[in-house]
Amino acid sequence: MLKLYGFDVSNYYNMLKLAMAIKGIEYEAVVTYPNQTPEYLAICPTGKVPALETEDGVLIETNVIMEYLDELSPEKPLIPGTAYERARVRELMKMIELYIELPARRCHTEAFWGVPVHEQTKTEVKRALLNGMQALSRAASFSPYLAGDKLTGADIFFLYSASLASVVAKKLFDIDLLAEAPGSKELFAKLNAMPEVQAIAKDTKAAQPEFEAYLAKAFAKAK
Ligand SMILES: N[C@@H](CCC(=O)N[C@@H](CS)C(=O)NCC(=O)O)C(=O)O
């Protein structure tokens with residue numbers, strides 16, 4: 001059986017949880033926090049999560065795993081359609097990761113854990129997030145999903161990346177990031193109404209205290 005390494009608060013991990021829930025793929029969850037121990041590095045070369053253990057070996061990188069799941073189990077494709085349509089979904093997934101998720105991540109410590117970020121970093125991130133969301137607004141259709149009338153992997157990336165980026169934008173810059181992409185609030189409401197998304201949100205909430213204990217240890221070690 002597939003083994004998914006990660007933890008329930010991780011937004012990348014939750015992208016795969018949702019992908020597997022939608023596709024009806026069974027797996028064993030192996031609760032793992034990112035770490036650089038030789039044991040985990042032997043499984044996952046970066047020490048990050050998620051990682052997926054398959055019968056052929058381990059895969060990392062969420063978008064790559066999502067594509068693998070679609071090939072493994074073509075029912076309910078998350079990257080559907082013609083070559084062009086599939087490329088468009090990948091394009092949106094990549095835009096979300098590069099221009100929304102990764103800039104926002106540079107400010108996670110301050111937005112979520114009260115560990116201040118340098119002012120210069122904040123200036124850069126504010127601009128990057130506005131540009132990223134405006135670019136996505138131009139590239140995506142939001143009708144109602146990012147790539148049209150079908151839910152795709154791009155919507156899964158959007159749900160779990162833009163939600164955290166919006167918190168960063170609100171807390172640090174007092175910006176309503178979703179307002180930069182008309183249709184995104186309606187899309188969020190639609191996605192958040194899905195029973196699979198609600199089940200994952202429940203797991204995330206339940207896993208929060210353990211994650212906070214892990215973080216407290218990690219920050220104490222870094223001092
Ligand atoms: N590009 C990776 C990013 C995964 C990632 O950054 N995961 C976070 C948890 S949500 C992590 O492991 N962070 C620890 C670290 O960056 O060392 C992917 O697509 O899976």
# chains A, B, ... in the order shown; residues from 1 in each chain; ligands from 1

call {"tool": "closest_atom_pairs", "arguments": {"of": "chain A", "to": "ligand 1", "cutoff": "9 Å", "atoms": "only C-alpha atoms and all ligand atoms", "output": "tab-separated table"}}
result
residue	atom	partner	partner_atom_place_in_ligand_line	distance
A:Gly6	CA	ligand 1	9 (C)	7.7
A:Phe7	CA	ligand 1	9 (C)	8.2
A:Val9	CA	ligand 1	10 (S)	7.5
A:Ser10	CA	ligand 1	10 (S)	4.0
A:Asn11	CA	ligand 1	10 (S)	5.1
A:Tyr12	CA	ligand 1	10 (S)	5.0
A:Tyr13	CA	ligand 1	10 (S)	6.5
A:Asn14	CA	ligand 1	10 (S)	8.6
A:Tyr33	CA	ligand 1	12 (O)	7.1
A:Pro34	CA	ligand 1	12 (O)	4.6
A:Asn35	CA	ligand 1	17 (O)	6.9
A:Gln36	CA	ligand 1	17 (O)	8.2
A:Thr46	CA	ligand 1	17 (O)	7.4
A:Gly47	CA	ligand 1	17 (O)	6.4
A:Lys48	CA	ligand 1	12 (O)	3.2
A:Val49	CA	ligand 1	12 (O)	4.1
A:Pro50	CA	ligand 1	20 (O)	5.5
A:Ala51	CA	ligand 1	20 (O)	7.3
A:Ile60	CA	ligand 1	20 (O)	6.1
A:Glu61	CA	ligand 1	20 (O)	3.7
A:Thr62	CA	ligand 1	19 (O)	3.9
A:Asn63	CA	ligand 1	19 (O)	5.9
A:Val64	CA	ligand 1	19 (O)	7.7
A:Ile65	CA	ligand 1	20 (O)	8.4
A:Glu97	CA	ligand 1	19 (O)	7.9
A:Leu102	CA	ligand 1	6 (O)	8.6
A:Arg105	CA	ligand 1	6 (O)	8.6

call {"tool": "residues_around", "arguments": {"residues": "Ala169 of chain A", "least_positions_apart": "6", "cutoff": "10 Å", "atoms": "only C-alpha atoms", "output": "compact mmCIF listing (two decimals) with N, CA and C atoms, in the first residue's frame"}}
result
# COMPACT_ATOMS: atom_id res chain seq x y z
N ALA A 104 4.91 33.79 0.16
CA ALA A 104 4.22 33.85 1.46
C ALA A 104 5.02 33.10 2.53
N CYS A 107 7.40 34.65 4.96
CA CYS A 107 6.87 35.41 6.11
C CYS A 107 6.09 34.53 7.08
N ALA A 111 3.94 35.57 10.58
CA ALA A 111 2.47 35.52 10.50
C ALA A 111 1.90 34.45 11.42
N LYS A 122 9.79 41.65 4.03
CA LYS A 122 8.35 41.93 3.99
C LYS A 122 8.00 42.79 2.78
N VAL A 125 8.04 40.53 -0.19
CA VAL A 125 6.93 39.55 -0.19
C VAL A 125 5.61 40.23 -0.53
N LYS A 126 5.40 41.42 0.01
CA LYS A 126 4.14 42.14 -0.26
C LYS A 126 3.98 42.33 -1.78
N LEU A 129 3.45 38.94 -3.61
CA LEU A 129 2.11 38.35 -3.45
C LEU A 129 1.07 39.08 -4.29
N LEU A 130 1.16 40.40 -4.31
CA LEU A 130 0.20 41.16 -5.15
C LEU A 130 0.40 40.79 -6.62
N ALA A 162 -3.25 29.56 -1.25
CA ALA A 162 -3.77 30.92 -1.14
C ALA A 162 -4.38 31.17 0.23
N ILE A 175 -3.72 43.46 3.76
CA ILE A 175 -4.22 43.37 2.38
C ILE A 175 -5.19 42.19 2.27
N ASP A 176 -6.25 42.40 1.53
CA ASP A 176 -7.19 41.31 1.22
C ASP A 176 -6.71 40.68 -0.10
N LEU A 177 -5.86 39.68 0.02
CA LEU A 177 -5.20 39.13 -1.16
C LEU A 177 -6.19 38.52 -2.16
N LEU A 178 -7.22 37.85 -1.64
CA LEU A 178 -8.17 37.19 -2.54
C LEU A 178 -8.94 38.22 -3.38

call {"tool": "select_by_dssp", "arguments": {"residues": "segment 164-209 of chain A", "states": "alpha helix (DSSP H)", "output": "PyMOL selection string"}}
result
chain A and resi 164-173+184-192+195-209

call {"tool": "residues_around", "arguments": {"residues": "segment 77-82 of chain A", "least_positions_apart": "2", "cutoff": "8 Å", "atoms": "only C-alpha atoms", "output": "number ranges by chain"}}
result
A: 19, 23, 66-67, 70, 73-75, 84-86, 89-90, 151-153

call {"tool": "residues_around", "arguments": {"residues": "Ala140 of chain A", "least_positions_apart": "3", "cutoff": "12 Å", "atoms": "only C-alpha atoms", "output": "PyMOL selection string"}}
result
chain A and resi 88-93+95-96+132-137+143-149+152+154-155+158+181-184+187

call {"tool": "select_by_dssp", "arguments": {"residues": "segment 6-156 of chain A", "states": "strand (DSSP E)", "output": "ChimeraX atom specification"}}
result
/A:6,27-31,51-54,57-60

call {"tool": "closest_residue", "arguments": {"among": "A:Pro195, A:Phe157, A:Leu4, A:Trp113", "to": "Tyr99 of chain A", "atoms": "only C-alpha atoms"}}
result
A:Phe157

call {"tool": "residues_around", "arguments": {"residues": "Val117 of chain A", "least_positions_apart": "6", "cutoff": "10 Å", "atoms": "only C-alpha atoms", "output": "ChimeraX atom specification"}}
result
/A:106-111,172

call {"tool": "closest_residue", "arguments": {"among": "A:Tyr160, A:Tyr40, A:Phe142, A:Tyr5", "to": "Thr54 of chain A", "atoms": "only C-alpha atoms"}}
result
A:Tyr5

call {"tool": "atom_distance", "arguments": {"atom1": "atom CA of Glu28 of chain A", "atom2": "atom CA of Pro209 of chain A"}}
result
21.9 Å
